[in-house]
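File shown: work_19.tsv. Contents: TSV, C-alpha atoms.
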```tsv
chain	number	residue	atom	x	y	z
H	1	MET	CA	31.37	-1.16	-8.89
H	2	SER	CA	33.23	0.01	-11.94
H	3	GLY	CA	32.89	3.79	-11.82
H	4	THR	CA	32.10	5.95	-14.79
H	5	GLY	CA	31.73	3.20	-17.41
H	6	THR	CA	28.80	1.67	-15.57
H	7	ALA	CA	27.23	5.08	-14.93
H	8	ALA	CA	27.59	6.10	-18.59
H	9	ARG	CA	26.08	2.80	-19.72
H	10	ALA	CA	23.20	3.24	-17.26
H	11	ARG	CA	22.53	6.78	-18.52
H	12	ALA	CA	22.57	5.54	-22.13
H	13	ASP	CA	20.12	2.77	-21.22
H	14	ASP	CA	17.89	5.32	-19.45
H	15	ALA	CA	17.95	7.62	-22.51
H	16	ALA	CA	17.13	4.73	-24.85
H	17	SER	CA	14.29	3.51	-22.64
H	18	ALA	CA	12.89	7.06	-22.40
H	19	GLU	CA	12.81	7.30	-26.21
H	20	THR	CA	11.25	3.89	-26.84
H	21	GLY	CA	9.10	3.66	-23.72
H	22	THR	CA	10.66	0.34	-22.71
H	23	ASP	CA	13.32	-0.45	-20.15
H	24	ARG	CA	16.25	-2.31	-21.76
H	25	ARG	CA	17.93	-3.13	-18.45
H	26	PRO	CA	17.74	-6.77	-17.35
H	27	PRO	CA	15.14	-7.61	-14.70
H	28	ALA	CA	17.88	-8.24	-12.13
H	29	ALA	CA	19.17	-4.66	-12.53
H	30	ARG	CA	15.66	-3.24	-12.19
H	31	PHE	CA	15.08	-5.35	-9.08
H	32	ALA	CA	18.42	-4.23	-7.63
H	33	LEU	CA	17.33	-0.60	-7.97
H	34	PHE	CA	13.99	-1.43	-6.33
H	35	ALA	CA	15.79	-3.18	-3.47
H	36	GLU	CA	18.13	-0.21	-3.02
H	37	CYS	CA	15.12	2.12	-2.83
H	38	LEU	CA	13.57	-0.10	-0.15
H	39	LEU	CA	16.84	-0.14	1.78
H	40	ALA	CA	17.11	3.66	1.57
H	41	GLY	CA	13.52	3.89	2.81
H	42	VAL	CA	14.30	1.75	5.85
H	43	TRP	CA	17.38	3.84	6.62
H	44	LEU	CA	15.30	7.01	6.18
H	45	LEU	CA	12.67	5.69	8.58
H	46	LEU	CA	15.26	4.84	11.22
H	47	ALA	CA	17.07	8.16	10.83
H	48	ALA	CA	13.82	10.14	11.01
H	49	LEU	CA	12.46	8.60	14.22
H	50	ALA	CA	13.35	11.77	16.10
H	51	LEU	CA	11.05	14.02	14.07
H	52	VAL	CA	13.57	16.87	14.02
H	53	THR	CA	15.81	14.71	11.83
H	54	ALA	CA	13.16	13.95	9.20
H	55	LEU	CA	14.39	16.46	6.61
H	56	PRO	CA	18.09	15.57	7.02
H	57	ALA	CA	17.19	11.88	6.74
H	58	PHE	CA	15.28	12.55	3.52
H	59	ALA	CA	18.25	14.48	2.11
H	60	ALA	CA	20.65	11.67	3.07
H	61	ALA	CA	18.40	9.04	1.44
H	62	CYS	CA	18.25	11.08	-1.77
H	63	GLY	CA	22.03	11.43	-1.71
H	64	HIS	CA	22.40	7.68	-1.17
H	65	LEU	CA	20.25	6.87	-4.19
H	66	ARG	CA	22.13	9.44	-6.30
H	67	ARG	CA	25.44	7.83	-5.35
H	68	TYR	CA	24.04	4.36	-6.09
H	69	LEU	CA	22.83	5.41	-9.53
H	70	ASP	CA	26.16	7.11	-10.28
H	71	ALA	CA	27.93	3.83	-9.35
H	72	GLU	CA	29.80	5.47	-6.47
H	73	GLN	CA	30.39	4.00	-3.03
H	74	ALA	CA	26.90	3.92	-1.49
H	75	GLY	CA	26.65	2.13	1.82
H	76	TRP	CA	25.49	2.58	5.36
H	77	ARG	CA	28.60	4.54	6.36
H	78	GLU	CA	28.16	7.08	3.57
H	79	PHE	CA	24.47	7.43	4.43
H	80	ALA	CA	25.27	7.94	8.12
H	81	ALA	CA	28.00	10.49	7.36
H	82	GLU	CA	25.71	12.48	5.06
H	83	TRP	CA	22.88	12.29	7.59
H	84	ALA	CA	25.14	13.51	10.41
H	85	ALA	CA	26.35	16.43	8.29
H	86	ALA	CA	22.78	17.33	7.36
H	87	VAL	CA	21.64	17.18	10.99
H	88	ARG	CA	24.50	19.45	12.10
H	89	THR	CA	23.60	22.10	9.53
H	90	GLY	CA	19.85	21.64	9.09
H	91	TRP	CA	18.26	20.97	12.48
H	92	ARG	CA	17.14	24.60	12.86
H	93	PHE	CA	15.39	24.49	9.50
H	94	SER	CA	13.72	21.22	10.52
H	95	LEU	CA	12.43	22.75	13.75
H	96	LEU	CA	11.09	25.74	11.84
H	97	TRP	CA	9.47	23.44	9.28
H	98	TRP	CA	7.70	21.41	11.97
H	99	ALA	CA	6.61	24.61	13.76
H	100	VAL	CA	5.06	26.00	10.57
H	101	LEU	CA	3.28	22.69	9.92
H	102	ALA	CA	1.95	22.68	13.50
H	103	LEU	CA	0.73	26.27	13.10
H	104	LEU	CA	-1.03	25.41	9.85
H	105	ALA	CA	-2.60	22.32	11.45
H	106	PHE	CA	-3.86	24.47	14.32
H	107	ASP	CA	-5.20	27.01	11.81
H	108	LEU	CA	-7.05	24.30	9.88
H	109	ARG	CA	-8.44	22.93	13.16
H	110	VAL	CA	-9.80	26.38	14.09
H	111	VAL	CA	-11.26	26.87	10.61
H	112	SER	CA	-12.98	23.47	10.72
H	113	SER	CA	-14.75	24.44	13.95
H	114	GLY	CA	-17.14	26.55	11.89
H	115	LEU	CA	-16.73	29.79	13.84
H	116	LEU	CA	-15.31	31.78	10.93
H	117	PRO	CA	-17.72	33.14	8.30
H	118	ALA	CA	-15.27	32.51	5.43
H	119	GLY	CA	-14.24	29.08	6.71
H	120	PRO	CA	-14.13	27.13	3.44
H	121	ALA	CA	-12.02	29.78	1.70
H	122	VAL	CA	-9.59	30.00	4.62
H	123	ALA	CA	-9.44	26.19	4.76
H	124	ALA	CA	-8.55	26.02	1.07
H	125	VAL	CA	-5.79	28.60	1.48
H	126	GLY	CA	-4.49	26.81	4.59
H	127	ALA	CA	-4.46	23.44	2.84
H	128	ALA	CA	-2.61	24.93	-0.14
H	129	ALA	CA	-0.10	26.53	2.24
H	130	ALA	CA	0.41	23.20	4.02
H	131	VAL	CA	1.10	21.47	0.71
H	132	ALA	CA	3.53	24.24	-0.26
H	133	VAL	CA	5.37	23.96	3.09
H	134	VAL	CA	5.68	20.17	2.76
H	135	VAL	CA	6.95	20.40	-0.82
H	136	THR	CA	9.38	23.18	0.07
H	137	GLY	CA	10.74	21.22	3.02
H	138	LEU	CA	11.22	18.04	1.04
H	139	ARG	CA	12.71	19.90	-1.88
```
Just give me the structure of the file as structure tokens.
Amino acid sequence: MSGTGTAARARADDAASAETGTDRRPPAARFALFAECLLAGVWLLLAALALVTALPAFAAACGHLRRYLDAEQAGWREFAAEWAAAVRTGWRFSLLWWAVLALLAFDLRVVSSGLLPAGPAVAAVGAAAAVAVVVTGLR
């Protein structure tokens, strides 16, 4: 790929399409981006099979797509290197994230049993907390 010229042209096309509401890129370029997203999704799925590595795999997939859009080297080796670095530094956060989600799931299970007098209110707060934990983890 040709570095910054291609990236600058892509950003200009994105800005023009945002203003007019149409995408001026050729269909082949739009399909190439779609195919790259599918490829990143497959890599993410494979890297996240051990559930502890789900958040590092998501971060590596986002980094891969960023590099692809910036017309940098974006292949399997770069994805694997970024994933390995993210796993080394983020596995504790991933374990904590899964533990909090399991605790919230248990809480929602207890609330749905109907033994608590304020069950619907606690269920709403628990569901909102679960959404917040998921968004925070993926962010």
Would you be able to write out as a PyMOL selection string which residues have an atom within 8 Å of (13.6, 21.2, 10.2) in the file's coordinates, counting all atoms listed in the file? chain H and resi 52-56+90-98+137
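With all atoms listed in the file as the basis for measurement, H:Ala59 is the residue among H:Val42, H:Ala59, H:Leu138, H:Cys37 that approaches Thr89 of chain H most closely.
In this structure, atom CA of Arg139 of chain H sits 25.5 Å away from atom CA of Ala32 of chain H.
If you look at atom CA of Phe31 of chain H and atom CA of Ala71 of chain H, they are 15.8 Å away from each other.
Interatomic distance, atom CA of Pro26 of chain H to atom CA of Glu78 of chain H: 27.2 Å.
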Please identify all polymer residues within 12 Å of segment 100-104 of chain H, counting only C-alpha atoms, omitting same-chain residues fewer than 2 positions from it, and present them as a short mmCIF file (atom, residue, chain, number, x, y, z; two decimals) with C-alpha atoms, in the coordinates of the input.
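Here's the written file part-v3.cif:
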```cif
data_model
loop_
_atom_site.label_atom_id
_atom_site.label_comp_id
_atom_site.auth_asym_id
_atom_site.auth_seq_id
_atom_site.Cartn_x
_atom_site.Cartn_y
_atom_site.Cartn_z
CA PHE H 93 15.39 24.49 9.50
CA SER H 94 13.72 21.22 10.52
CA LEU H 95 12.43 22.75 13.75
CA LEU H 96 11.09 25.74 11.84
CA TRP H 97 9.47 23.44 9.28
CA TRP H 98 7.70 21.41 11.97
CA PHE H 106 -3.86 24.47 14.32
CA ASP H 107 -5.20 27.01 11.81
CA LEU H 108 -7.05 24.30 9.88
CA ARG H 109 -8.44 22.93 13.16
CA VAL H 110 -9.80 26.38 14.09
CA VAL H 111 -11.26 26.87 10.61
CA VAL H 122 -9.59 30.00 4.62
CA ALA H 123 -9.44 26.19 4.76
CA ALA H 124 -8.55 26.02 1.07
CA VAL H 125 -5.79 28.60 1.48
CA GLY H 126 -4.49 26.81 4.59
CA ALA H 127 -4.46 23.44 2.84
CA ALA H 128 -2.61 24.93 -0.14
CA ALA H 129 -0.10 26.53 2.24
CA ALA H 130 0.41 23.20 4.02
CA VAL H 131 1.10 21.47 0.71
CA ALA H 132 3.53 24.24 -0.26
CA VAL H 133 5.37 23.96 3.09
CA VAL H 134 5.68 20.17 2.76
CA VAL H 135 6.95 20.40 -0.82
CA THR H 136 9.38 23.18 0.07
CA GLY H 137 10.74 21.22 3.02
#
```
